[in-house]
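Student: Contents of data01.txt (compact mmCIF, C-alpha atoms) are below:
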# COMPACT_ATOMS: atom_id res chain seq x y z
CA MET A 8 24.32 16.00 -8.03
CA LEU A 9 23.33 12.67 -6.44
CA ASP A 10 23.38 14.29 -3.00
CA LYS A 11 20.59 16.59 -4.17
CA ILE A 12 18.31 13.64 -4.96
CA VAL A 13 19.37 11.24 -2.22
CA HIS A 14 15.74 11.24 -1.05
CA ARG A 15 14.80 9.33 -4.23
CA GLY A 16 16.49 6.17 -2.99
CA LYS A 17 18.03 5.29 0.36
CA ALA A 18 18.53 1.57 -0.31
CA GLY A 19 21.57 1.97 -2.52
CA ARG A 20 23.85 4.32 -4.43
CA LYS A 21 26.30 3.73 -7.28
CA ILE A 22 28.53 5.84 -9.50
CA ILE A 23 30.09 4.43 -12.67
CA ASP A 24 33.01 6.52 -13.94
CA ILE A 25 34.47 5.24 -17.21
CA GLU A 26 35.77 6.51 -20.52
CA GLY A 27 33.04 8.59 -22.13
CA GLY A 28 31.34 9.84 -18.97
CA THR A 29 30.11 9.38 -15.45
CA ILE A 30 26.67 8.04 -14.53
CA GLY A 31 25.19 7.62 -11.07
CA VAL A 32 22.01 6.42 -9.44
CA VAL A 33 20.29 6.04 -6.08
CA TRP A 34 17.55 3.48 -5.60
CA THR A 35 14.82 2.24 -3.29
CA THR A 36 14.26 -1.37 -2.22
CA PRO A 37 11.83 -2.13 -5.12
CA GLN A 38 14.43 -0.73 -7.56
CA LYS A 39 17.22 -3.13 -6.59
CA ASP A 40 17.93 -3.87 -10.28
CA SER A 41 18.75 -0.23 -11.06
CA VAL A 42 22.37 -0.91 -12.04
CA SER A 43 24.00 -3.16 -14.63
CA GLU A 44 27.74 -2.69 -14.29
CA GLU A 45 28.41 -5.18 -17.08
CA GLU A 46 26.56 -2.95 -19.56
CA ASN A 47 27.21 0.36 -17.75
CA ILE A 48 23.48 1.08 -17.39
CA VAL A 49 21.62 2.89 -14.62
CA ARG A 50 17.81 3.06 -14.47
CA ASP A 51 15.18 4.97 -12.56
CA SER A 52 12.18 2.67 -12.93
CA ALA A 53 8.75 2.18 -11.44
CA SER A 54 6.00 0.11 -13.05
CA SER A 55 6.46 -2.04 -16.13
CA GLY A 56 7.41 0.15 -19.07
CA HIS A 57 8.02 3.24 -16.93
CA PHE A 58 11.69 4.22 -16.81
CA ALA A 59 14.46 6.71 -17.43
CA GLN A 60 17.75 5.09 -18.45
CA ALA A 61 21.36 6.13 -19.01
CA GLN A 62 24.12 4.02 -20.51
CA ILE A 63 27.71 4.57 -21.60
CA LYS A 64 28.48 2.36 -24.57
CA ASP A 65 31.67 2.49 -26.64
CA GLY A 66 32.47 5.86 -25.08
CA ASP A 67 29.09 7.39 -25.94
CA LEU A 68 26.28 8.44 -23.62
CA LEU A 69 22.85 6.98 -24.41
CA LEU A 70 19.69 8.28 -22.73
CA MET A 71 16.09 7.08 -22.97
CA ARG A 72 12.76 7.96 -21.35
CA ASP A 73 9.54 5.94 -21.29
CA PRO A 74 6.75 6.72 -23.80
CA LEU A 75 4.45 8.61 -21.40
CA GLY A 76 7.11 10.28 -19.26
CA VAL A 77 6.15 8.52 -16.02
CA ALA A 78 9.81 8.54 -14.94
CA PRO A 79 11.31 12.07 -14.94
CA LEU A 80 14.42 13.09 -16.86
CA TYR A 81 16.05 16.48 -17.56
CA TYR A 82 19.22 17.47 -19.38
CA SER A 83 21.50 20.36 -20.25
CA HIS A 84 24.46 20.99 -22.56
CA THR A 85 27.39 22.38 -20.55
CA ARG A 86 31.08 23.03 -21.20
CA ASP A 87 31.81 19.54 -19.86
CA GLY A 88 29.30 17.87 -22.19
CA LEU A 89 25.75 16.62 -21.75
CA CYS A 90 24.50 16.51 -18.15
CA PHE A 91 21.28 14.78 -17.07
CA ALA A 92 19.29 14.14 -13.90
CA SER A 93 15.95 12.89 -12.60
CA GLU A 94 15.23 16.23 -10.93
CA VAL A 95 15.96 19.83 -11.83
CA LYS A 96 17.60 20.55 -8.48
CA SER A 97 20.49 18.25 -9.44
CA LEU A 98 21.16 20.07 -12.70
CA LEU A 99 21.04 23.44 -10.94
CA GLU A 100 24.31 22.38 -9.32
CA VAL A 101 26.03 22.78 -12.70
CA THR A 102 23.80 24.91 -14.96
CA ARG A 103 20.85 27.31 -15.08
CA THR A 104 19.78 26.23 -18.57
CA ILE A 105 17.63 23.14 -18.34
CA HIS A 106 15.47 21.13 -20.73
CA GLU A 107 12.98 18.39 -20.08
CA PHE A 108 13.91 15.17 -21.87
CA PRO A 109 10.88 14.43 -24.08
CA PRO A 110 8.83 11.30 -23.33
CA GLY A 111 9.21 8.52 -25.85
CA CYS A 112 12.62 9.75 -27.00
CA LYS A 113 16.19 8.52 -26.94
CA TYR A 114 19.52 10.35 -27.21
CA ASN A 115 22.58 9.01 -28.96
CA GLY A 116 24.47 12.06 -30.12
CA GLY A 117 21.12 13.57 -31.07
CA MET A 118 17.53 13.47 -29.87
CA GLU A 119 15.11 11.23 -31.72
CA PRO A 120 11.64 9.81 -30.95
CA TYR A 121 11.13 6.06 -30.73
CA PHE A 122 7.44 6.20 -29.75
CA CYS A 123 4.50 8.45 -30.60
CA LEU A 124 1.13 8.20 -28.89
CA GLU A 125 -1.58 8.21 -31.55
CA LYS A 126 -5.31 7.68 -31.92
CA MET A 127 -6.38 4.12 -32.62
CA LEU A 128 -9.35 2.65 -34.44
CA PRO A 129 -12.24 1.99 -32.03
CA LEU A 130 -13.15 -1.56 -31.08
CA ARG A 131 -16.31 -3.02 -32.58
CA GLU A 132 -17.24 -5.26 -29.67
CA PRO A 133 -20.01 -5.31 -27.05
CA SER A 134 -19.43 -3.24 -23.92
CA GLU A 135 -19.59 -6.40 -21.77
CA HIS A 136 -16.62 -7.90 -23.61
CA ILE A 137 -14.64 -4.66 -23.44
CA ALA A 138 -15.29 -4.25 -19.71
CA LYS A 139 -14.13 -7.81 -19.07
CA GLU A 140 -10.94 -7.37 -21.10
CA LEU A 141 -10.20 -4.02 -19.45
CA ARG A 142 -10.50 -5.56 -16.01
CA LYS A 143 -8.25 -8.44 -17.06
CA ARG A 144 -5.53 -6.07 -18.26
CA LEU A 145 -5.77 -3.90 -15.17
CA ALA A 146 -5.56 -6.95 -12.92
CA THR A 147 -2.47 -8.18 -14.78
CA SER A 148 -0.89 -4.74 -14.52
CA VAL A 149 -1.45 -4.64 -10.76
CA LYS A 150 -0.29 -8.20 -10.16
CA THR A 151 2.92 -7.58 -12.12
CA CYS A 152 3.85 -4.73 -9.76
CA ILE A 153 3.44 -6.79 -6.60
CA THR A 154 6.82 -8.04 -5.41
CA SER A 155 6.07 -8.25 -1.69
CA ASN A 156 3.38 -9.64 0.58
CA VAL A 157 2.93 -6.15 1.96
CA MET A 158 1.93 -3.32 -0.40
CA GLY A 159 0.39 0.11 -0.16
CA THR A 160 -2.12 2.22 -2.06
CA TRP A 161 -2.83 5.92 -2.00
CA LEU A 162 -6.60 5.81 -1.59
CA SER A 163 -8.75 8.87 -2.23
CA GLY A 164 -11.99 6.91 -2.21
CA GLY A 165 -12.53 7.76 -5.86
CA LEU A 166 -13.05 5.15 -8.54
CA ASP A 167 -9.45 5.04 -9.81
CA SER A 168 -7.44 4.46 -6.65
CA SER A 169 -10.21 2.25 -5.26
CA ALA A 170 -10.11 0.03 -8.36
CA LEU A 171 -6.38 -0.59 -7.99
CA ALA A 172 -6.74 -1.25 -4.27
CA ALA A 173 -9.49 -3.80 -4.93
CA LEU A 174 -7.42 -5.55 -7.60
CA ALA A 175 -4.30 -5.65 -5.42
CA SER A 176 -5.94 -6.85 -2.24
CA PRO A 177 -6.28 -10.58 -3.15
CA HIS A 178 -2.57 -10.87 -3.99
CA VAL A 179 -1.01 -9.64 -0.75
CA ASP A 180 -1.13 -10.63 2.89
CA THR A 181 -1.45 -7.01 3.99
CA LEU A 182 -2.61 -4.04 1.91
CA HIS A 183 -2.06 -0.68 3.58
CA THR A 184 -4.26 2.13 2.29
CA PHE A 185 -3.60 5.84 2.90
CA ALA A 186 -5.95 8.80 2.68
CA ALA A 187 -5.32 12.45 3.55
CA GLY A 188 -7.68 15.38 3.88
CA LEU A 189 -9.28 17.95 6.10
CA CYS A 190 -11.67 16.79 8.79
CA ASP A 191 -14.96 15.60 7.23
CA ALA A 192 -13.46 15.68 3.72
CA PRO A 193 -15.37 13.48 1.22
CA ASP A 194 -12.21 11.56 0.39
CA LEU A 195 -11.76 10.37 3.96
CA GLU A 196 -15.32 9.08 4.17
CA HIS A 197 -15.21 7.23 0.85
CA ALA A 198 -11.71 5.86 1.43
CA GLN A 199 -12.82 4.34 4.72
CA ALA A 200 -15.78 2.73 2.97
CA VAL A 201 -13.47 1.15 0.40
CA ALA A 202 -11.01 0.00 3.05
CA ASP A 203 -13.82 -1.68 5.00
CA PHE A 204 -15.12 -3.32 1.82
CA ILE A 205 -11.79 -4.81 0.70
CA GLY A 206 -10.38 -5.40 4.20
CA SER A 207 -7.28 -3.23 3.95
CA THR A 208 -5.28 -1.83 6.86
CA HIS A 209 -6.33 1.77 6.58
CA HIS A 210 -4.51 4.94 7.65
CA GLU A 211 -6.02 8.42 7.76
CA VAL A 212 -4.03 11.65 7.75
CA VAL A 213 -6.35 14.39 8.98
CA VAL A 214 -4.86 17.82 8.31
CA THR A 215 -5.57 21.49 9.00
CA LEU A 216 -4.71 24.60 7.01
CA ASP A 217 -1.71 25.11 9.29
CA ASP A 218 -0.51 21.58 8.48
CA LEU A 219 -0.73 22.32 4.76
CA LEU A 220 1.10 25.62 5.06
CA SER A 221 3.80 24.03 7.23
CA VAL A 222 4.78 21.59 4.46
CA LEU A 223 4.27 23.99 1.55
CA SER A 224 7.96 24.85 1.13
CA LYS A 225 8.92 21.16 1.18
CA VAL A 226 6.22 20.34 -1.35
CA ILE A 227 7.37 23.04 -3.77
CA TYR A 228 11.01 22.05 -3.30
CA HIS A 229 10.29 18.44 -4.22
CA LEU A 230 7.64 19.23 -6.84
CA GLU A 231 9.79 21.83 -8.62
CA SER A 232 6.73 23.75 -9.76
CA PHE A 233 4.57 26.69 -8.77
CA ASP A 234 1.59 25.71 -10.93
CA ALA A 235 -1.33 26.46 -8.62
CA LEU A 236 -3.50 23.41 -9.20
CA LEU A 237 -0.50 21.10 -9.17
CA VAL A 238 0.84 22.44 -5.88
CA ARG A 239 -2.63 22.45 -4.32
CA SER A 240 -3.17 18.79 -5.14
CA SER A 241 0.36 17.87 -4.05
CA MET A 242 0.05 18.99 -0.45
CA THR A 243 -2.32 16.25 0.71
CA ASN A 244 -0.68 13.77 -1.68
CA TYR A 245 2.70 14.57 -0.07
CA LEU A 246 1.30 13.97 3.42
CA ALA A 247 -0.32 10.69 2.39
CA ALA A 248 2.97 9.61 0.81
CA GLU A 249 4.86 10.52 3.97
CA ALA A 250 2.51 8.33 6.00
CA ALA A 251 2.85 5.49 3.50
CA SER A 252 6.64 5.53 3.71
CA GLN A 253 6.40 4.45 7.36
CA TYR A 254 4.87 1.13 6.29
CA VAL A 255 5.73 0.30 2.67
CA SER A 256 8.34 1.04 0.00
CA ALA A 257 5.88 0.96 -2.92
CA VAL A 258 2.33 2.19 -3.45
CA PHE A 259 -0.28 2.13 -6.18
CA SER A 260 -1.57 5.40 -7.64
CA GLY A 261 -4.69 5.76 -9.79
CA GLU A 262 -3.19 8.54 -11.92
CA GLY A 263 -3.96 8.44 -15.65
CA SER A 264 -7.44 6.98 -15.48
CA ASP A 265 -9.22 10.31 -15.93
CA GLU A 266 -7.28 11.01 -19.10
CA LEU A 267 -7.85 7.53 -20.54
CA PHE A 268 -11.54 7.21 -19.66
CA ALA A 269 -12.86 10.81 -19.82
CA GLY A 270 -13.08 11.46 -16.08
CA TYR A 271 -13.08 15.26 -16.05
CA SER A 272 -16.33 17.24 -15.93
CA TYR A 273 -15.32 19.68 -18.68
CA LEU A 274 -15.10 16.78 -21.16
CA LYS A 275 -18.91 16.51 -21.09
CA SER A 276 -19.05 19.75 -23.06
CA VAL A 277 -16.52 18.64 -25.69
CA ASP A 278 -17.98 17.70 -29.08
CA SER A 279 -18.08 13.90 -29.29
CA ALA A 280 -16.25 14.05 -32.61
CA LEU A 281 -13.36 15.82 -30.86
CA LEU A 282 -13.30 13.84 -27.62
CA ALA A 283 -10.67 11.31 -28.73
CA ASP A 284 -8.33 14.15 -29.76
CA GLU A 285 -8.88 15.94 -26.46
CA LEU A 286 -8.13 12.80 -24.46
CA LEU A 287 -4.97 12.23 -26.46
CA ASP A 288 -3.90 15.81 -25.77
CA ILE A 289 -4.33 15.61 -22.00
CA ILE A 290 -2.61 12.20 -21.87
CA LYS A 291 0.40 13.77 -23.59
CA ARG A 292 0.41 16.59 -21.01
CA LEU A 293 0.67 14.26 -18.02
CA HIS A 294 4.47 13.98 -18.01
CA ASN A 295 5.16 17.41 -16.50
CA THR A 296 1.96 17.95 -14.54
CA ALA A 297 0.09 15.13 -12.74
CA LEU A 298 2.81 12.52 -13.28
CA GLN A 299 5.34 14.95 -11.85
CA ARG A 300 3.18 15.22 -8.72
CA VAL A 301 3.00 11.45 -8.36
CA ASP A 302 6.73 10.96 -8.87
CA ARG A 303 7.84 13.75 -6.54
CA CYS A 304 5.41 12.91 -3.72
CA ALA A 305 6.57 9.29 -3.75
CA SER A 306 10.27 9.92 -4.28
CA ALA A 307 10.40 12.64 -1.62
CA HIS A 308 9.98 9.79 0.86
CA SER A 309 12.14 7.21 -0.93
CA THR A 310 9.15 5.23 -2.19
CA VAL A 311 8.00 4.12 -5.64
CA ALA A 312 4.54 4.71 -7.12
CA HIS A 313 3.10 2.09 -9.47
CA LEU A 314 0.62 3.47 -12.00
CA GLY A 315 -1.55 0.55 -13.00
CA PHE A 316 -3.68 2.51 -15.46
CA LEU A 317 -0.64 3.61 -17.44
CA ASP A 318 0.72 0.12 -18.03
CA PRO A 319 1.43 -0.07 -21.80
CA GLU A 320 -1.05 -2.92 -22.27
CA VAL A 321 -3.80 -0.99 -20.49
CA VAL A 322 -3.08 2.25 -22.36
CA SER A 323 -3.06 0.61 -25.79
CA TYR A 324 -6.41 -1.07 -25.05
CA ALA A 325 -7.98 2.04 -23.51
CA LEU A 326 -7.15 4.07 -26.61
CA GLN A 327 -9.23 1.61 -28.63
CA ILE A 328 -12.33 1.83 -26.43
CA PRO A 329 -15.08 3.85 -28.18
CA HIS A 330 -15.68 7.26 -26.64
CA GLU A 331 -19.38 6.49 -26.08
CA TYR A 332 -18.30 3.79 -23.61
CA LYS A 333 -16.09 6.24 -21.74
CA LEU A 334 -18.62 9.08 -21.48
CA CYS A 335 -22.03 7.43 -21.60
CA ASN A 336 -25.16 9.55 -20.95
CA THR A 337 -23.00 12.09 -19.07
CA VAL A 338 -21.58 9.33 -16.83
CA GLU A 339 -17.79 9.66 -16.92
CA LYS A 340 -15.58 6.54 -16.95
CA TRP A 341 -18.66 4.42 -17.60
CA ILE A 342 -16.72 1.44 -18.97
CA LEU A 343 -14.37 1.40 -15.97
CA ARG A 344 -17.36 1.40 -13.63
CA ARG A 345 -18.70 -1.60 -15.53
CA ALA A 346 -15.33 -3.34 -15.30
CA MET A 347 -15.23 -2.94 -11.51
CA HIS A 348 -18.87 -3.80 -10.85
CA GLY A 349 -19.18 -6.00 -7.76
CA SER A 350 -15.64 -5.29 -6.56
CA LEU A 351 -16.34 -1.94 -4.89
CA PRO A 352 -19.11 -0.36 -2.80
CA GLU A 353 -21.94 1.00 -4.93
CA ARG A 354 -21.43 4.50 -3.50
CA VAL A 355 -17.87 4.49 -4.87
CA LEU A 356 -18.86 3.03 -8.23
CA THR A 357 -21.38 5.83 -8.70
CA ARG A 358 -19.32 8.64 -7.14
CA GLU A 359 -18.76 11.62 -9.42
CA LYS A 360 -15.26 12.77 -10.17
CA ALA A 361 -13.73 15.13 -7.60
CA LYS A 362 -10.38 16.78 -8.19
CA PHE A 363 -7.69 15.61 -5.78
CA TRP A 364 -7.71 18.84 -3.79
CA GLU A 365 -11.51 19.09 -3.79
CA GLY A 366 -12.06 15.57 -2.48
CA ALA A 367 -9.42 16.13 0.20
CA GLY A 368 -11.36 19.19 1.38
CA VAL A 369 -8.63 21.67 0.43
CA SER A 370 -10.74 23.33 -2.27
CA GLU A 371 -10.37 27.13 -2.03
CA LEU A 372 -8.88 27.11 1.47
CA VAL A 373 -5.29 27.83 0.43
CA ALA A 374 -6.44 30.27 -2.25
CA GLN A 375 -8.33 32.25 0.39
CA HIS A 376 -5.20 32.35 2.53
CA ALA A 377 -3.19 33.73 -0.40
CA ASN A 378 -5.86 36.30 -1.23
CA SER A 379 -5.80 37.60 2.33
CA HIS A 380 -1.99 37.93 2.41
CA ILE A 381 -1.24 39.35 -1.05
CA SER A 382 -2.60 42.74 -2.02
CA ASP A 383 -4.05 43.60 -5.42
CA GLU A 384 -1.14 45.98 -5.98
CA GLU A 385 1.44 43.25 -5.23
CA PHE A 386 -0.32 40.90 -7.61
CA ARG A 387 -0.39 43.46 -10.43
CA HIS A 388 3.28 44.21 -9.92
CA GLU A 389 4.57 40.62 -9.58
CA ARG A 390 2.32 38.52 -11.80
CA TYR A 391 4.44 38.93 -14.96
CA LEU A 392 7.59 36.80 -14.90
CA PRO A 393 10.94 37.48 -16.64
CA ASN A 394 10.28 34.75 -19.22
CA GLY A 395 6.97 36.32 -20.29
CA TRP A 396 4.67 34.00 -18.32
CA GLU A 397 1.71 35.43 -16.44
CA LEU A 398 0.74 34.10 -13.03
CA HIS A 399 -2.96 33.29 -12.99
CA THR A 400 -3.86 33.92 -9.35
CA LYS A 401 -2.57 35.26 -6.05
CA GLU A 402 -2.32 31.65 -4.92
CA GLU A 403 0.09 30.98 -7.77
CA LEU A 404 2.10 34.08 -6.84
CA MET A 405 2.41 32.77 -3.29
CA TYR A 406 3.77 29.50 -4.67
CA TYR A 407 6.11 31.32 -7.07
CA ARG A 408 7.63 33.34 -4.23
CA ILE A 409 8.43 30.11 -2.38
CA PHE A 410 9.76 28.56 -5.59
CA CYS A 411 12.20 31.47 -5.96
CA GLU A 412 13.28 31.10 -2.34
CA GLU A 413 14.15 27.47 -3.04
CA PHE A 414 15.70 27.75 -6.51
CA GLY A 415 16.31 31.42 -7.23
CA GLU A 416 14.68 33.39 -10.03
CA LEU A 417 15.07 31.28 -13.16
CA GLU A 418 14.67 33.02 -16.51
CA ASP A 419 14.31 29.72 -18.37
CA LEU A 420 11.26 27.74 -17.22
CA SER A 421 10.58 25.91 -20.48
CA TRP A 422 10.99 22.57 -18.68
CA MET A 423 8.07 23.29 -16.32
CA GLY A 424 4.52 22.22 -17.17
CA ARG A 425 1.36 24.18 -16.43
CA THR A 426 -2.11 22.74 -15.96
CA LYS A 427 -4.39 23.13 -18.96
CA GLY A 428 -7.39 25.36 -18.35
CA ALA A 429 -6.29 26.66 -14.95
CA PRO A 430 -8.64 29.39 -13.61
CA ARG A 431 -7.54 33.02 -13.78
CA GLN A 432 -7.96 35.91 -11.36
As a first step, turn the structure in this file into structure tokens.
Tutor:
Amino acid sequence: MLDKIVHRGKAGRKIIDIEGGTIGVVWTTPQKDSVSEEENIVRDSASSGHFAQAQIKDGDLLLMRDPLGVAPLYYSHTRDGLCFASEVKSLLEVTRTIHEFPPGCKYNGGMEPYFCLEKMLPLREPSEHIAKELRKRLATSVKTCITSNVMGTWLSGGLDSSALAALASPHVDTLHTFAAGLCDAPDLEHAQAVADFIGSTHHEVVVTLDDLLSVLSKVIYHLESFDALLVRSSMTNYLAAEAASQYVSAVFSGEGSDELFAGYSYLKSVDSALLADELLDIIKRLHNTALQRVDRCASAHSTVAHLGFLDPEVVSYALQIPHEYKLCNTVEKWILRRAMHGSLPERVLTREKAKFWEGAGVSELVAQHANSHISDEEFRHERYLPNGWELHTKEELMYYRIFCEEFGELEDLSWMGRTKGAPRQ
């Protein structure tokens, strides 16, 4: 099982086999504290408060996953007892029945929640004070993750990744930034502007459709999903992560900001009275969609991604920020823009939200390729899966075919997330 996820950590490997069970772990350089043999604990950890943990205590197996599900964890009941792993491909070595371990839960003979993300009463303070406190918490979150004089950041040129890059830059000797996209993609242009502004050592990965298609099987193998929007956004993310792994063992990712600060365009049409509930819903969906992309793209290359926006102290404060400071006069993430004023180029501070695959220039390119290679008849015949799911587009069918080549046709896909509101064909 560890052999299947050896890519997650090439700096070390340990198996603890004692009465009550066997637990094992691989780790990267930033995860050097992944094992406590005295307490029989192994951990897969990233940023502060983001972890999956297994322990054998008094002959019993104890499992725990962080509140938001930043670190992945899956499990299955087999004839030999409870099996668990950070990736599905490990469990497929012993079973075809797999469950995702719920975020914010622990297992000790039975599953029980220890944390529940809930709405919080809004702050009654001026926006200037809130922006200042938000910046302070973000800066602390970023600084806490820095354990080396050389760090990296995935940099799309959007507000989120740019904010973390700007906050990290003063605390390291060298900050490497990495952007990937098609030639003339908006992300590449804006990322270069940010890199010039903060003085980072910048790396561009310029790709073509053939480059994307050439890594598609690898992306789906590591991602363990055929969700169309998730795979589409993972291709350039995977290539940026591959480039980053040549220079650093840890990177910052801006994931989670859109959910916390109302960064998506569709949220502008949500009733203001329902906005807090909608944000809470999409935050709770991150664990098996966008956070899965971040984890798999980083771990595929034996690196760790730090998610500064999802630090517990940042999340708890963000949930208290009034919705009118998040979406203000149709300007998304208004309070975050205020918090980063003066630290980024004006063109980045005022840039509208672009989805990862849109900003990278991928947009409908892969979808057009799928539409030209899959007939309407094939789509009608293959779009309904054995578990009752319906594939939304020909692009998703193309990804599903590759998924089956990698893992076989799985009847139980309950562990796999699907992007909310994905377009249909």
Student: Which residues are close to Ala269 (chain A), i.e. within 7 Å by only C-alpha atoms, leaving aside same-chain residues fewer than 6 positions away? Reply as an MDAnalysis selection string.
Tutor: chainID A and resid 286 333:334 339:340
Student: Can you list, as number ranges by chain, every protein, DNA or RNA residue that comes within 6 Å of Leu75 (chain A) when you count all atoms listed in the file, leaving out same-chain residues fewer than 2 positions away?
Tutor: A: 73, 77, 110
Student: Taking (-6.2, 14.0, -14.1) in the coordinates of the supplied file, I want to know which residues reach to within 9 Å of it, counting all atoms listed in the file; could you give the answer as a ChimeraX atom specification?
Tutor: /A:262-266,270-271,289-290,293,297,362-363
Student: Take the selection from the previous step and output its residues with C-alpha atoms, as an mmCIF file, in the coordinates of the input.
Tutor:
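And here is the file that came out, part-v7.cif:
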data_model
loop_
_atom_site.group_PDB
_atom_site.id
_atom_site.type_symbol
_atom_site.label_atom_id
_atom_site.label_comp_id
_atom_site.auth_asym_id
_atom_site.auth_seq_id
_atom_site.Cartn_x
_atom_site.Cartn_y
_atom_site.Cartn_z
ATOM 1 C CA GLU A 262 -3.190 8.540 -11.920
ATOM 2 C CA GLY A 263 -3.960 8.440 -15.650
ATOM 3 C CA SER A 264 -7.440 6.980 -15.480
ATOM 4 C CA ASP A 265 -9.220 10.310 -15.930
ATOM 5 C CA GLU A 266 -7.280 11.010 -19.100
ATOM 6 C CA GLY A 270 -13.080 11.460 -16.080
ATOM 7 C CA TYR A 271 -13.080 15.260 -16.050
ATOM 8 C CA ILE A 289 -4.330 15.610 -22.000
ATOM 9 C CA ILE A 290 -2.610 12.200 -21.870
ATOM 10 C CA LEU A 293 0.670 14.260 -18.020
ATOM 11 C CA ALA A 297 0.090 15.130 -12.740
ATOM 12 C CA LYS A 362 -10.380 16.780 -8.190
ATOM 13 C CA PHE A 363 -7.690 15.610 -5.780
#
Student: Between A:Glu125, A:Asp24, A:Glu94, A:Glu402, single out the one closest to Glu285 (chain A), counting only C-alpha atoms.
Tutor: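 Distance minimum relative to Glu285 (chain A) lands on A:Glu125.
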Student: Go through A:His308, A:Lys275, A:Arg50, A:Arg344 one by one, measure the shortest atom-to-atom distance of each to Val226 (chain A) using only C-alpha atoms, and give the residue with the smallest value.
Tutor: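 Closest residue, counting only C-alpha atoms: A:His308.
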Student: Here is a test: counting all atoms listed in the file, which residue of A:Leu230, A:Ile342, A:Leu162, A:Ala202 is nearest to Arg300 (chain A)?
Tutor: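 Using all atoms listed in the file, the shortest distance to Arg300 (chain A) belongs to A:Leu230.
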Student: For Phe204 (chain A), which of A:Thr85, A:Asn244, A:Thr160, A:Ser350 is the closest residue, counting only C-alpha atoms?
Tutor: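 Closest to Phe204 (chain A), using only C-alpha atoms: A:Ser350.
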Student: Please, which residues are within 10 Å of (-23.3, 13.0, -18.7) by the file's coordinates, counting only C-alpha atoms, and could they come as a compact mmCIF listing (two decimals) with C-alpha atoms, in the coordinates of the input?
Tutor:
# COMPACT_ATOMS: atom_id res chain seq x y z
CA SER A 272 -16.33 17.24 -15.93
CA LEU A 274 -15.10 16.78 -21.16
CA LYS A 275 -18.91 16.51 -21.09
CA SER A 276 -19.05 19.75 -23.06
CA LEU A 334 -18.62 9.08 -21.48
CA CYS A 335 -22.03 7.43 -21.60
CA ASN A 336 -25.16 9.55 -20.95
CA THR A 337 -23.00 12.09 -19.07
CA VAL A 338 -21.58 9.33 -16.83
CA GLU A 339 -17.79 9.66 -16.92
CA TRP A 341 -18.66 4.42 -17.60
Student: Looking at A:Phe185, A:Phe410, A:Trp34, A:Trp396, which one is nearest to Gly16 (chain A), with distances taken over all atoms listed in the file?
Tutor: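 The answer is A:Trp34, which sits nearest to Gly16 (chain A).
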Student: Would you pick out the contacts of Met423 (chain A) at 8 Å or less, using all atoms listed in the file, so that residues sharing its chain but fewer than 4 positions from it are not included, and give the list as a PyMOL selection string?
Tutor: chain A and resi 107+232+295
Student: Hey, which of A:Glu389, A:Glu418, A:Asp51, A:Asp194 ends up closest to Ala312 (chain A)? Count all atoms listed in the file.
Tutor: A:Asp51
Student: Residues at most 8 Å from Lys17 (chain A), counting all atoms listed in the file, excluding those fewer than 2 positions away in the same chain, as number ranges by chain?
Tutor: A: 13-15, 19-20, 33-35, 309
Student: Between CA of Cys190 (chain A) and CA of Val214 (chain A), measure the distance and give it in Å to one decimal.
Tutor: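 Distance reported for this atom pair: 6.9 Å.
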Student: CA of Gln432 (chain A) to CA of His399 (chain A): how many Å, to one decimal?
Tutor: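 According to the coordinates, CA of Gln432 (chain A) and CA of His399 (chain A) are separated by 5.9 Å.
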Student: Report, in Å with one decimal, the straight-line distance from CA of Gly395 (chain A) to CA of Asp383 (chain A).
Tutor: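 CA of Asp383 (chain A) lies at a distance of 19.9 Å from CA of Gly395 (chain A).
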Student: May I have the residues within 7 Å of Ile205 (chain A) as a PDB file with C-alpha atoms, keeping the file's coordinate frame, using only C-alpha atoms and disregarding those fewer than 2 positions away in the same chain?
Tutor:
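Saved file selection-v5.pdb follows:
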ATOM      1  CA  ALA A 173      -9.490  -3.800  -4.930  1.00  0.00           C
ATOM      2  CA  SER A 176      -5.940  -6.850  -2.240  1.00  0.00           C
ATOM      3  CA  VAL A 201     -13.470   1.150   0.400  1.00  0.00           C
ATOM      4  CA  ALA A 202     -11.010   0.000   3.050  1.00  0.00           C
ATOM      5  CA  ASP A 203     -13.820  -1.680   5.000  1.00  0.00           C
ATOM      6  CA  SER A 207      -7.280  -3.230   3.950  1.00  0.00           C
TER       7      SER A 207
END
Student: Mind working out the centre and edge lengths of an axis-aligned box for region 101-116 of chain A, all listed atoms inside, 8 Å added to each side, rounded to one decimal in Å and written as lines of an AutoDock Vina configuration file?
Tutor:
center_x = 17.4
center_y = 17.9
center_z = -21.4
size_x = 33.2
size_y = 34.8
size_z = 33.4
Student: Can you take the partial region 170-174 of chain A, add N, CA and C atoms, and return it as a short mmCIF file (atom, residue, chain, number, x, y, z; two decimals), in the coordinates of the input?
Tutor:
data_model
loop_
_atom_site.label_atom_id
_atom_site.label_comp_id
_atom_site.auth_asym_id
_atom_site.auth_seq_id
_atom_site.Cartn_x
_atom_site.Cartn_y
_atom_site.Cartn_z
N ALA A 170 -10.19 1.18 -7.45
CA ALA A 170 -10.11 0.03 -8.36
C ALA A 170 -8.79 -0.70 -8.20
N LEU A 171 -7.69 0.04 -8.14
CA LEU A 171 -6.38 -0.59 -7.99
C LEU A 171 -6.25 -1.28 -6.63
N ALA A 172 -6.79 -0.64 -5.61
CA ALA A 172 -6.74 -1.25 -4.27
C ALA A 172 -7.51 -2.57 -4.25
N ALA A 173 -8.68 -2.58 -4.89
CA ALA A 173 -9.49 -3.80 -4.93
C ALA A 173 -8.80 -4.91 -5.72
N LEU A 174 -8.10 -4.55 -6.79
CA LEU A 174 -7.42 -5.55 -7.60
C LEU A 174 -6.15 -6.07 -6.93
#
